[in-house]
Amino acid sequence: MKLKADRATLLKALAHVQSVVERRNTIPILANVMLAVRDGRLTLTATDMEIAIVEEVAATTSRNGACTAPAATLYEIVRKLPEGVEVELDHGGGDAPLVLRAGRYSTSLVALPIDDFPAMTAGALPHKFSLKADTLRGLIDRTRFAISGEETRYYLNGIYLHATESGGERVLRAVATDGHRLARVEEKLPEGAGGMPGVIVPRKTVGELRKLLDEVSGAVEIALSDTRIQFHADAVTLTSKLIDGSFPEYERVIPQGNDKVLRVGKKDFAEAVARVSAISSERSRPVKLSLSHDLLVLSASSPDQGTASEELDGNQVTYNATPLEIGFQARYLNDITDQIAEQVEFRFSDGTAPTVVQDAGDDRALYVLMPMRV
Amino acid sequence: MPALCRDCFRVLEDAPCKCGGRVVRHAELFSLCLAHIDCDAFYASVEKRDRPELASRPVIVGGGTRGVVAAACYVARMAGVRSAMPMFKARRLCPDAEVIAPDFRKYAAVARDIRERMFRLTPLVEVLSIDEAALDLAGTDALHAAPPAVVLARFAAEVEREVGVTVSVGLARNRLLAKLAAGSDKPRGFSVLGAEAAQYLAPRPVRLLPGIGPAGAARLEAMGITTLGQLQALDARTARARLGEEGPVLVARARGEDSRVVRPGREAKSVSAETTFAHDLCGREELEAVLWRLCEKVARRLTENEVAAAGVTLKLRSASFATRTRAARLATPTLLPERLFEAGCRLLAPAADGTAYRLIGIGADPLAPGTEADPPDLADPSLTRRVAAQRAVDALRSRFGEGAVVRGRGLPRGSTS
């Protein structure tokens with residue numbers, strides 16, 4: 001194979017694919033990217049056996065063919081080439097090295113034959129629908145922070161995506177939980193998603209997809225089966241295995257009767273939490289919320305460092321229920337308020353029961369937070 | 001040289017006591033205040049106390065033909081029987097021994113009695129195991145109107161008279177030496193180690209130090225080190241270079257130096273249960289069935305002690321006596337047998353590869369306060385109900401006995417009743 005492409009095009013594509021490749025790898029070929037040249041197109045493929053990413057870019061091709069080369073090294077080299085330079089990739093076939101030339105620079109990289117490169121097949125993907133990139137970003141951003149890292153409950157290591165009904169409307173729902181907090185976001189059900197099975201999209205796939213979405217403005221085509229999901233946007237296709245497990249019956253843990261309502265400005269609240277919790281370097285220490293009529297006192301203490309508190313009064317909060325004291329991990333509060341535009345609405349039951357948090361101006365997202373002992 | 005009669009507690013001037021009792025002499029006898037107290041052949045002594053006709057016979061406490069020796073009395077020890085020795089070997093060495101199945105509840109009650117007596121001597125008692133404790137008696141002279149040595153001699157006599165088992169006492173300047181002293185003169189011993197400690201240790205084998213086992217001793221021997229004196233001679237740098245990170249600590253220990261203080265109220269670090277099978281087991285289901293019963297036992301002990309398991313350790317011993325342990329942390333501490341069981345099964349799965357096992361055990365380690373057990377879990381909607389169910393089971397069992405409620409999982413396979 002032989003081709004010429006400009007550095008910027010190549011760099012962008014390599015950046016996408018090399019991030020899927022696992023750094024620590026016992027199978028050498030999985031550290032490689034497959035480069036395939038065919039009639040004016042260069043196709044780059046990388047996989048970790050769970051996720052495969054394929055990207056197509058335009059190139060000036062002079063000889064069709066394919067080879068594989070170390071993804072991270074190739075990316076580093078191209079990144080260090082001067083801007084605007086034209087890059088030539090040349091592989092003589094068989095065991096020949098991959099030669100890269102750019103200006104007066106040249107390198108010869110050990111290439112492995114494509115026969116050994118694992119192909120990840122998607123199989124039939126019967127359910128197909130499309131989402132705006134913006135919408136998909138929203139589903140991911142408002143749930144991914146709650147994905148669990150607990151290995152033994154592998155079925156929590158992703159976002160649960162499924163079609164359901166909410167308030168009489170058919171919706172596409174994304175849910176994630178780590179047992180301490182739960183995030184549930186829904187969007188109007190897109191056409192074609194009606195019959196889809198509930199699927200759990202793994203954390204790494206969510207991360208890779210989210211990176212790609214930064215550069216996408218149009219629509220993302222989604223296709224899935226029971227075991228695979230595929231995202232296609234612009235020239236990139238991301239295919240991933242799904243987590244084989246059943247997601248817990250999360251609806252049962254969402255409290256219905258919480259009637260003590262606190263409304264507070266997101267900015268006031270988030271900043272106060274950050275200031276108050278700065279007293280403790282221990283991340284798991286709680287921030288205490290003490291509530292009385294139109295008054296919220298946030299406080300935190302650390303056995304070694306001291307105490308801190310801040311008052312938010314009637315100008316900043318509304319609260320009309322009976323006084324309440326409750327504690328939460330500061331980071332968990334901030335993870336949620338980060339996703340809220342202006343007004344935060346908390347719905348409490350008591351100091352030990354799960355609390356519901358929502359954006360007062362947007363009921364598509366709902367969060368549940370377990371209190372900590374204070 | 002200061003001396004004390006251990007039988008009439010008279011302070012002597014180096015002469016034998018008029019009462020003809022056992023006299024302990026040491027230059028620092030009345031200034032040392034760190035003690036290590038160790039019950040002699042504890043389980044066997046308790047059994048002998050309860051069955052006086054066995055007093056002069058060899059007694060082994062342990063289970064069946066397949067278990068190990070939990071304790072051997074000094075008569076049995078003369079035949080070569082040691083604790084932790086496989087039972088069949090002990091029986092071969094001492095065929096006429098009286099073998100008694102252990103009654104841990106009884107031993108725990110006796111141990112508790114002895115412990116309570118220790119706390120009357122000083123609040124600084126660190127319980128090290130069921131039959132061992134370290135005591136710091138510094139500053140108690142005025143309280144007892146006697147120096148620690150006298151207080152300890154009275155204590156040993158009191159336990160022997162009122163509890164019915166004997167103890168050995170080590171008195172020294174630090175915990176390490178006190179332990180070594182206690183071990184040096186068993187049973188019914190009273191031994192003192194003062195400034196002569198380094199000299200005393202020098203000719204002795206490295207195995208004497210707690211923490212140096214057969215493997216460590218073999219490693220040291222490969223370097224030409226067999227006595228504590230050879231370890232004492234190393235400077236810190238050489239020690240580190242030749243023995244690794246732990247080298248300097250080892251050398252300090254060999255010199256009889258130890259800076260650990262007695263921390264009272266230190267609780268058990270783990271709660272565990274294990275069992276040796278009557279016949280080797282290799283099937284995963286069979287092993288899991290036993291594991292479940294052990295998990296219920298551990299959960300019950302955790303509940304009794306108001307602690308929870310923050311992690312789980314699985315122990316397996318193969319038919320060829322190879323022991324493997326595997327450990328995992330739990331996402332949140334637990335008191336539920338099924339959560340211990342789930343974690344235990346995950347650890348067991350890779351080991352249940354057809355190997356024949358003779359023993360399985362499961363332990364809760366590390367421990368967390370019982371109040372932190374099983375917090376509500378948004379990813380496990382049934383947890384709160386299961387916690388409530390377990391409390392109900394515990395309540396029924398404490399009222400009507402262990403067999404009052406049996407979980408389906410605990411029933412023998414194929415049983416219908």
# chains A, B, ... in the order shown; residues from 1 in each chain; ligands from 1

call {"tool": "closest_atom_pairs", "arguments": {"of": "chain B", "to": "chain A", "cutoff": "12 Å", "atoms": "only C-alpha atoms", "output": "Markdown table"}}
result
| residue | atom | partner | partner_atom | distance |
| --- | --- | --- | --- | --- |
| B:Ala328 | CA | A:Thr152 | CA | 10.1 |
| B:Arg329 | CA | A:Thr152 | CA | 10.2 |
| B:Leu330 | CA | A:Thr152 | CA | 9.0 |
| B:Ala331 | CA | A:Glu150 | CA | 7.1 |
| B:Thr332 | CA | A:Gly179 | CA | 9.9 |
| B:Arg339 | CA | A:Thr152 | CA | 11.6 |
| B:Glu342 | CA | A:Thr152 | CA | 9.8 |
| B:Ala343 | CA | A:Thr152 | CA | 8.6 |
| B:Gly344 | CA | A:Thr152 | CA | 11.9 |
| B:Cys345 | CA | A:Thr152 | CA | 11.7 |
| B:Arg346 | CA | A:Thr152 | CA | 8.7 |
| B:Leu347 | CA | A:Thr152 | CA | 11.1 |
| B:Thr371 | CA | A:Arg373 | CA | 10.4 |
| B:Glu372 | CA | A:Arg373 | CA | 9.5 |
| B:Asp374 | CA | A:Gly179 | CA | 11.4 |
| B:Pro375 | CA | A:Met370 | CA | 9.3 |
| B:Pro376 | CA | A:Met370 | CA | 7.8 |
| B:Asp377 | CA | A:Gly179 | CA | 4.7 |
| B:Leu378 | CA | A:Gly179 | CA | 4.3 |
| B:Ala379 | CA | A:Gly179 | CA | 4.5 |
| B:Asp380 | CA | A:Pro248 | CA | 6.6 |
| B:Pro381 | CA | A:Val253 | CA | 5.9 |
| B:Ser382 | CA | A:Arg252 | CA | 9.1 |
| B:Leu383 | CA | A:Val253 | CA | 10.8 |
| B:Thr384 | CA | A:Val253 | CA | 10.7 |

call {"tool": "write_last_selection", "arguments": {"atoms": "N, CA and C atoms", "output": "PDB file, in the first residue's frame"}}
result
ATOM      1  N   ALA B 328     -10.697 -10.787  49.155  1.00  0.00           N
ATOM      2  CA  ALA B 328     -11.317  -9.733  48.360  1.00  0.00           C
ATOM      3  C   ALA B 328     -11.973  -8.731  49.296  1.00  0.00           C
ATOM      4  N   ARG B 329     -11.983  -7.464  48.903  1.00  0.00           N
ATOM      5  CA  ARG B 329     -12.697  -6.442  49.663  1.00  0.00           C
ATOM      6  C   ARG B 329     -14.148  -6.444  49.224  1.00  0.00           C
ATOM      7  N   LEU B 330     -15.018  -6.064  50.129  1.00  0.00           N
ATOM      8  CA  LEU B 330     -16.433  -5.930  49.783  1.00  0.00           C
ATOM      9  C   LEU B 330     -16.712  -4.455  49.486  1.00  0.00           C
ATOM     10  N   ALA B 331     -17.699  -4.208  48.643  1.00  0.00           N
ATOM     11  CA  ALA B 331     -18.018  -2.826  48.289  1.00  0.00           C
ATOM     12  C   ALA B 331     -18.483  -2.060  49.527  1.00  0.00           C
ATOM     13  N   THR B 332     -19.283  -2.700  50.352  1.00  0.00           N
ATOM     14  CA  THR B 332     -19.684  -2.108  51.631  1.00  0.00           C
ATOM     15  C   THR B 332     -19.630  -3.226  52.673  1.00  0.00           C
ATOM     16  N   ARG B 339     -24.125 -12.369  51.548  1.00  0.00           N
ATOM     17  CA  ARG B 339     -23.116 -11.525  50.899  1.00  0.00           C
ATOM     18  C   ARG B 339     -21.715 -12.097  51.129  1.00  0.00           C
ATOM     19  N   GLU B 342     -21.568 -15.014  48.642  1.00  0.00           N
ATOM     20  CA  GLU B 342     -21.346 -14.599  47.251  1.00  0.00           C
ATOM     21  C   GLU B 342     -19.868 -14.296  47.007  1.00  0.00           C
ATOM     22  N   ALA B 343     -19.294 -13.530  47.949  1.00  0.00           N
ATOM     23  CA  ALA B 343     -17.885 -13.176  47.796  1.00  0.00           C
ATOM     24  C   ALA B 343     -17.018 -14.431  47.903  1.00  0.00           C
ATOM     25  N   GLY B 344     -17.377 -15.318  48.835  1.00  0.00           N
ATOM     26  CA  GLY B 344     -16.617 -16.553  49.010  1.00  0.00           C
ATOM     27  C   GLY B 344     -16.685 -17.425  47.762  1.00  0.00           C
ATOM     28  N   CYS B 345     -17.856 -17.518  47.146  1.00  0.00           N
ATOM     29  CA  CYS B 345     -18.011 -18.344  45.941  1.00  0.00           C
ATOM     30  C   CYS B 345     -17.178 -17.792  44.787  1.00  0.00           C
ATOM     31  N   ARG B 346     -17.121 -16.461  44.712  1.00  0.00           N
ATOM     32  CA  ARG B 346     -16.295 -15.869  43.642  1.00  0.00           C
ATOM     33  C   ARG B 346     -14.833 -16.240  43.837  1.00  0.00           C
ATOM     34  N   LEU B 347     -14.398 -16.290  45.093  1.00  0.00           N
ATOM     35  CA  LEU B 347     -13.009 -16.660  45.365  1.00  0.00           C
ATOM     36  C   LEU B 347     -12.789 -18.157  45.168  1.00  0.00           C
ATOM     37  N   THR B 371     -22.168  -0.964  62.925  1.00  0.00           N
ATOM     38  CA  THR B 371     -23.166   0.031  62.525  1.00  0.00           C
ATOM     39  C   THR B 371     -23.049   0.402  61.050  1.00  0.00           C
ATOM     40  N   GLU B 372     -21.899   0.070  60.437  1.00  0.00           N
ATOM     41  CA  GLU B 372     -21.720   0.424  59.024  1.00  0.00           C
ATOM     42  C   GLU B 372     -22.147  -0.685  58.084  1.00  0.00           C
ATOM     43  N   ASP B 374     -24.090  -3.172  55.693  1.00  0.00           N
ATOM     44  CA  ASP B 374     -25.188  -3.203  54.731  1.00  0.00           C
ATOM     45  C   ASP B 374     -25.991  -1.908  54.633  1.00  0.00           C
ATOM     46  N   PRO B 375     -25.346  -0.811  54.257  1.00  0.00           N
ATOM     47  CA  PRO B 375     -26.108   0.430  54.077  1.00  0.00           C
ATOM     48  C   PRO B 375     -27.059   0.258  52.890  1.00  0.00           C
ATOM     49  N   PRO B 376     -28.168   1.008  52.886  1.00  0.00           N
ATOM     50  CA  PRO B 376     -29.102   0.888  51.764  1.00  0.00           C
ATOM     51  C   PRO B 376     -28.348   1.100  50.454  1.00  0.00           C
ATOM     52  N   ASP B 377     -28.720   0.329  49.448  1.00  0.00           N
ATOM     53  CA  ASP B 377     -27.970   0.293  48.208  1.00  0.00           C
ATOM     54  C   ASP B 377     -28.935   0.539  47.052  1.00  0.00           C
ATOM     55  N   LEU B 378     -28.714   1.627  46.319  1.00  0.00           N
ATOM     56  CA  LEU B 378     -29.626   1.964  45.228  1.00  0.00           C
ATOM     57  C   LEU B 378     -29.585   0.911  44.118  1.00  0.00           C
ATOM     58  N   ALA B 379     -28.492   0.144  44.065  1.00  0.00           N
ATOM     59  CA  ALA B 379     -28.380  -0.854  43.002  1.00  0.00           C
ATOM     60  C   ALA B 379     -28.872  -2.219  43.466  1.00  0.00           C
ATOM     61  N   ASP B 380     -29.374  -2.295  44.669  1.00  0.00           N
ATOM     62  CA  ASP B 380     -29.823  -3.579  45.202  1.00  0.00           C
ATOM     63  C   ASP B 380     -31.105  -3.351  45.991  1.00  0.00           C
ATOM     64  N   PRO B 381     -32.226  -3.212  45.258  1.00  0.00           N
ATOM     65  CA  PRO B 381     -33.480  -2.821  45.906  1.00  0.00           C
ATOM     66  C   PRO B 381     -33.928  -3.790  46.989  1.00  0.00           C
ATOM     67  N   SER B 382     -33.473  -5.042  46.937  1.00  0.00           N
ATOM     68  CA  SER B 382     -33.988  -6.012  47.906  1.00  0.00           C
ATOM     69  C   SER B 382     -33.153  -6.051  49.186  1.00  0.00           C
ATOM     70  N   LEU B 383     -32.035  -5.292  49.218  1.00  0.00           N
ATOM     71  CA  LEU B 383     -31.104  -5.417  50.338  1.00  0.00           C
ATOM     72  C   LEU B 383     -31.751  -5.111  51.691  1.00  0.00           C
ATOM     73  N   THR B 384     -32.502  -4.024  51.746  1.00  0.00           N
ATOM     74  CA  THR B 384     -33.100  -3.628  53.016  1.00  0.00           C
ATOM     75  C   THR B 384     -34.007  -4.732  53.557  1.00  0.00           C
TER      76      THR B 384
END

call {"tool": "select_by_dssp", "arguments": {"residues": "stretch 210-393 of chain B", "states": "strand (DSSP E)", "output": "VMD selection string"}}
result
chain B and resid 271 to 281 307 to 318 323 to 334 357 to 364 367 to 369

call {"tool": "closest_residue", "arguments": {"among": "B:Val387, B:Leu316, B:Ile362, B:Val163", "to": "B:Leu281", "atoms": "only C-alpha atoms"}}
result
B:Leu316

call {"tool": "residues_around", "arguments": {"residues": "A:Gly94", "least_positions_apart": "5", "cutoff": "10 Å", "atoms": "only C-alpha atoms", "output": "PyMOL selection string"}}
result
chain A and resi 66-67+111-114

call {"tool": "residues_around", "arguments": {"residues": "stretch 173-187 of chain B", "least_positions_apart": "5", "cutoff": "10 Å", "atoms": "only C-alpha atoms", "output": "MDAnalysis selection string"}}
result
chainID B and resid 28 31:41 74 132:136 166:168 192:195 197:198 201 208:210 253:262

call {"tool": "write_last_selection", "arguments": {"atoms": "C-alpha atoms", "output": "PDB file, in the first residue's frame"}}
result
ATOM      1  CA  GLU B  28      15.583  -5.445  87.721  1.00  0.00           C
ATOM      2  CA  SER B  31      11.565  -2.040  88.292  1.00  0.00           C
ATOM      3  CA  LEU B  32      10.266  -3.823  85.184  1.00  0.00           C
ATOM      4  CA  CYS B  33       6.601  -3.383  84.370  1.00  0.00           C
ATOM      5  CA  LEU B  34       5.770  -4.884  80.952  1.00  0.00           C
ATOM      6  CA  ALA B  35       4.268  -8.317  81.174  1.00  0.00           C
ATOM      7  CA  HIS B  36       3.168 -11.036  78.816  1.00  0.00           C
ATOM      8  CA  ILE B  37       0.785 -13.621  80.208  1.00  0.00           C
ATOM      9  CA  ASP B  38       0.163 -16.864  78.368  1.00  0.00           C
ATOM     10  CA  CYS B  39      -2.081 -19.693  79.531  1.00  0.00           C
ATOM     11  CA  ASP B  40      -0.389 -23.100  79.510  1.00  0.00           C
ATOM     12  CA  ALA B  41      -1.841 -25.567  76.981  1.00  0.00           C
ATOM     13  CA  TYR B  74       2.332 -31.180  78.566  1.00  0.00           C
ATOM     14  CA  GLU B 132      -2.490 -14.537  75.604  1.00  0.00           C
ATOM     15  CA  ALA B 133      -2.272 -10.890  76.574  1.00  0.00           C
ATOM     16  CA  ALA B 134       0.250  -8.109  77.014  1.00  0.00           C
ATOM     17  CA  LEU B 135      -0.071  -5.910  80.120  1.00  0.00           C
ATOM     18  CA  ASP B 136       1.569  -2.612  80.909  1.00  0.00           C
ATOM     19  CA  THR B 166      -2.060 -22.304  84.991  1.00  0.00           C
ATOM     20  CA  VAL B 167      -0.387 -19.370  83.296  1.00  0.00           C
ATOM     21  CA  SER B 168       3.182 -18.425  82.477  1.00  0.00           C
ATOM     22  CA  VAL B 192      12.356 -11.986  83.776  1.00  0.00           C
ATOM     23  CA  LEU B 193      14.472 -10.483  80.988  1.00  0.00           C
ATOM     24  CA  GLY B 194      16.301  -7.231  81.711  1.00  0.00           C
ATOM     25  CA  ALA B 195      19.505  -5.630  80.519  1.00  0.00           C
ATOM     26  CA  ALA B 197      18.483  -9.591  76.946  1.00  0.00           C
ATOM     27  CA  ALA B 198      20.852  -9.144  73.994  1.00  0.00           C
ATOM     28  CA  LEU B 201      19.367 -13.918  72.812  1.00  0.00           C
ATOM     29  CA  LEU B 208      12.932 -17.891  68.400  1.00  0.00           C
ATOM     30  CA  LEU B 209      11.850 -14.452  67.152  1.00  0.00           C
ATOM     31  CA  PRO B 210       8.110 -14.149  66.541  1.00  0.00           C
ATOM     32  CA  ARG B 253      14.324  -7.398  67.331  1.00  0.00           C
ATOM     33  CA  ALA B 254      17.324  -9.715  67.512  1.00  0.00           C
ATOM     34  CA  ARG B 255      18.891  -7.235  69.924  1.00  0.00           C
ATOM     35  CA  GLY B 256      15.760  -7.375  72.026  1.00  0.00           C
ATOM     36  CA  GLU B 257      14.554  -3.910  71.028  1.00  0.00           C
ATOM     37  CA  ASP B 258      10.846  -3.290  70.552  1.00  0.00           C
ATOM     38  CA  SER B 259       8.957  -0.014  70.736  1.00  0.00           C
ATOM     39  CA  ARG B 260       5.396  -1.308  70.429  1.00  0.00           C
ATOM     40  CA  VAL B 261       3.158  -0.027  73.189  1.00  0.00           C
ATOM     41  CA  VAL B 262       0.315  -1.941  74.783  1.00  0.00           C
TER      42      VAL B 262
END

call {"tool": "select_by_dssp", "arguments": {"residues": "stretch 46-234 of chain B", "states": "helix (DSSP H, G or I)", "output": "ChimeraX atom specification"}}
result
/B:46-50,52-54,74-78,87-93,104-119,141-144,148-163,175-184,197-201,206-208,214-222,228-232

call {"tool": "residues_around", "arguments": {"residues": "A:Ser309", "least_positions_apart": "6", "cutoff": "7 Å", "atoms": "only C-alpha atoms", "output": "list in words"}}
result
Val276, Val297, Leu298, Ser299 and Ala300 of chain A

call {"tool": "residues_around", "arguments": {"residues": "B:Lys106", "least_positions_apart": "6", "cutoff": "10 Å", "atoms": "only C-alpha atoms", "output": "list of chain:residue names"}}
result
B:Tyr43, B:Val46, B:Glu47, B:Arg112

call {"tool": "residues_around", "arguments": {"residues": "stretch 82-93 of chain B", "least_positions_apart": "2", "cutoff": "12 Å", "atoms": "only C-alpha atoms", "output": "number ranges by chain"}}
result
B: 41-44, 58-80, 95-101, 276, 321, 358-359

call {"tool": "write_last_selection", "arguments": {"atoms": "C-alpha atoms", "output": "mmCIF file, in the first residue's frame"}}
result
data_model
loop_
_atom_site.group_PDB
_atom_site.id
_atom_site.type_symbol
_atom_site.label_atom_id
_atom_site.label_comp_id
_atom_site.auth_asym_id
_atom_site.auth_seq_id
_atom_site.Cartn_x
_atom_site.Cartn_y
_atom_site.Cartn_z
ATOM 1 C CA ALA B 41 -1.841 -25.567 76.981
ATOM 2 C CA PHE B 42 -5.044 -23.631 77.430
ATOM 3 C CA TYR B 43 -7.793 -25.833 75.953
ATOM 4 C CA ALA B 44 -6.197 -28.981 77.368
ATOM 5 C CA PRO B 58 -1.937 -37.185 77.895
ATOM 6 C CA VAL B 59 -4.817 -35.015 76.632
ATOM 7 C CA ILE B 60 -5.239 -33.744 73.106
ATOM 8 C CA VAL B 61 -7.974 -31.311 72.170
ATOM 9 C CA GLY B 62 -8.820 -31.615 68.511
ATOM 10 C CA GLY B 63 -11.311 -33.026 66.062
ATOM 11 C CA GLY B 64 -11.731 -36.489 64.572
ATOM 12 C CA THR B 65 -9.026 -38.320 62.704
ATOM 13 C CA ARG B 66 -8.764 -35.628 60.062
ATOM 14 C CA GLY B 67 -8.592 -32.402 62.016
ATOM 15 C CA VAL B 68 -5.587 -30.849 63.635
ATOM 16 C CA VAL B 69 -4.450 -30.614 67.243
ATOM 17 C CA ALA B 70 -5.957 -27.485 68.811
ATOM 18 C CA ALA B 71 -4.056 -28.000 72.068
ATOM 19 C CA ALA B 72 -1.966 -30.726 73.669
ATOM 20 C CA CYS B 73 -1.241 -30.991 77.376
ATOM 21 C CA TYR B 74 2.332 -31.180 78.566
ATOM 22 C CA VAL B 75 2.140 -34.926 79.021
ATOM 23 C CA ALA B 76 1.142 -35.336 75.373
ATOM 24 C CA ARG B 77 3.833 -32.861 74.355
ATOM 25 C CA MET B 78 6.441 -35.148 75.883
ATOM 26 C CA ALA B 79 5.432 -37.693 73.261
ATOM 27 C CA GLY B 80 6.118 -35.095 70.573
ATOM 28 C CA PRO B 95 -1.729 -43.604 70.925
ATOM 29 C CA ASP B 96 -2.958 -43.609 74.529
ATOM 30 C CA ALA B 97 -3.872 -39.916 74.519
ATOM 31 C CA GLU B 98 -7.361 -38.894 75.580
ATOM 32 C CA VAL B 99 -8.720 -37.017 72.560
ATOM 33 C CA ILE B 100 -11.393 -34.472 73.362
ATOM 34 C CA ALA B 101 -13.480 -32.562 70.829
ATOM 35 C CA THR B 276 -11.855 -30.111 57.862
ATOM 36 C CA PHE B 321 -1.653 -30.130 52.549
ATOM 37 C CA ARG B 358 -9.461 -31.435 53.006
ATOM 38 C CA LEU B 359 -10.276 -28.083 54.562
#

call {"tool": "atom_distance", "arguments": {"atom1": "atom CA of A:Thr164", "atom2": "atom CA of A:Gly198"}}
result
9.3 Å

call {"tool": "atom_distance", "arguments": {"atom1": "atom CA of A:Ala183", "atom2": "atom CA of A:Thr143"}}
result
5.1 Å

call {"tool": "closest_residue", "arguments": {"among": "B:Ala388, B:Ala138, B:Ala15, B:Ala327", "to": "B:Pro366", "atoms": "only C-alpha atoms"}}
result
B:Ala327

call {"tool": "closest_residue", "arguments": {"among": "B:Ala236, B:Ala392, B:Ala308, B:Leu250", "to": "B:Ile212", "atoms": "only C-alpha atoms"}}
result
B:Leu250

call {"tool": "decode", "arguments": {"residues": "stretch 282-311 of chain B", "atoms": "C-alpha atoms", "output": "short mmCIF file (atom, residue, chain, number, x, y, z; two decimals), in the first residue's frame"}}
result
data_model
loop_
_atom_site.label_atom_id
_atom_site.label_comp_id
_atom_site.auth_asym_id
_atom_site.auth_seq_id
_atom_site.Cartn_x
_atom_site.Cartn_y
_atom_site.Cartn_z
CA CYS B 282 -13.49 -31.55 45.12
CA GLY B 283 -16.88 -30.73 43.64
CA ARG B 284 -17.77 -27.06 43.57
CA GLU B 285 -21.31 -27.69 44.77
CA GLU B 286 -20.15 -29.77 47.71
CA LEU B 287 -17.60 -27.15 48.68
CA GLU B 288 -20.20 -24.40 48.36
CA ALA B 289 -22.60 -26.28 50.60
CA VAL B 290 -19.98 -26.36 53.35
CA LEU B 291 -19.02 -22.77 52.64
CA TRP B 292 -22.61 -21.66 53.19
CA ARG B 293 -22.70 -23.16 56.67
CA LEU B 294 -19.41 -21.47 57.52
CA CYS B 295 -20.73 -18.14 56.24
CA GLU B 296 -23.74 -18.43 58.50
CA LYS B 297 -21.42 -19.13 61.41
CA VAL B 298 -19.15 -16.18 60.62
CA ALA B 299 -22.15 -13.88 60.16
CA ARG B 300 -23.49 -14.94 63.55
CA ARG B 301 -20.15 -14.30 65.25
CA LEU B 302 -19.88 -10.92 63.57
CA THR B 303 -23.33 -9.99 64.79
CA GLU B 304 -22.52 -11.15 68.30
CA ASN B 305 -19.37 -9.04 68.35
CA GLU B 306 -21.08 -6.02 66.78
CA VAL B 307 -18.62 -5.90 63.91
CA ALA B 308 -19.06 -6.30 60.16
CA ALA B 309 -16.97 -7.81 57.38
CA ALA B 310 -15.34 -5.25 55.10
CA GLY B 311 -13.54 -8.02 53.25
#
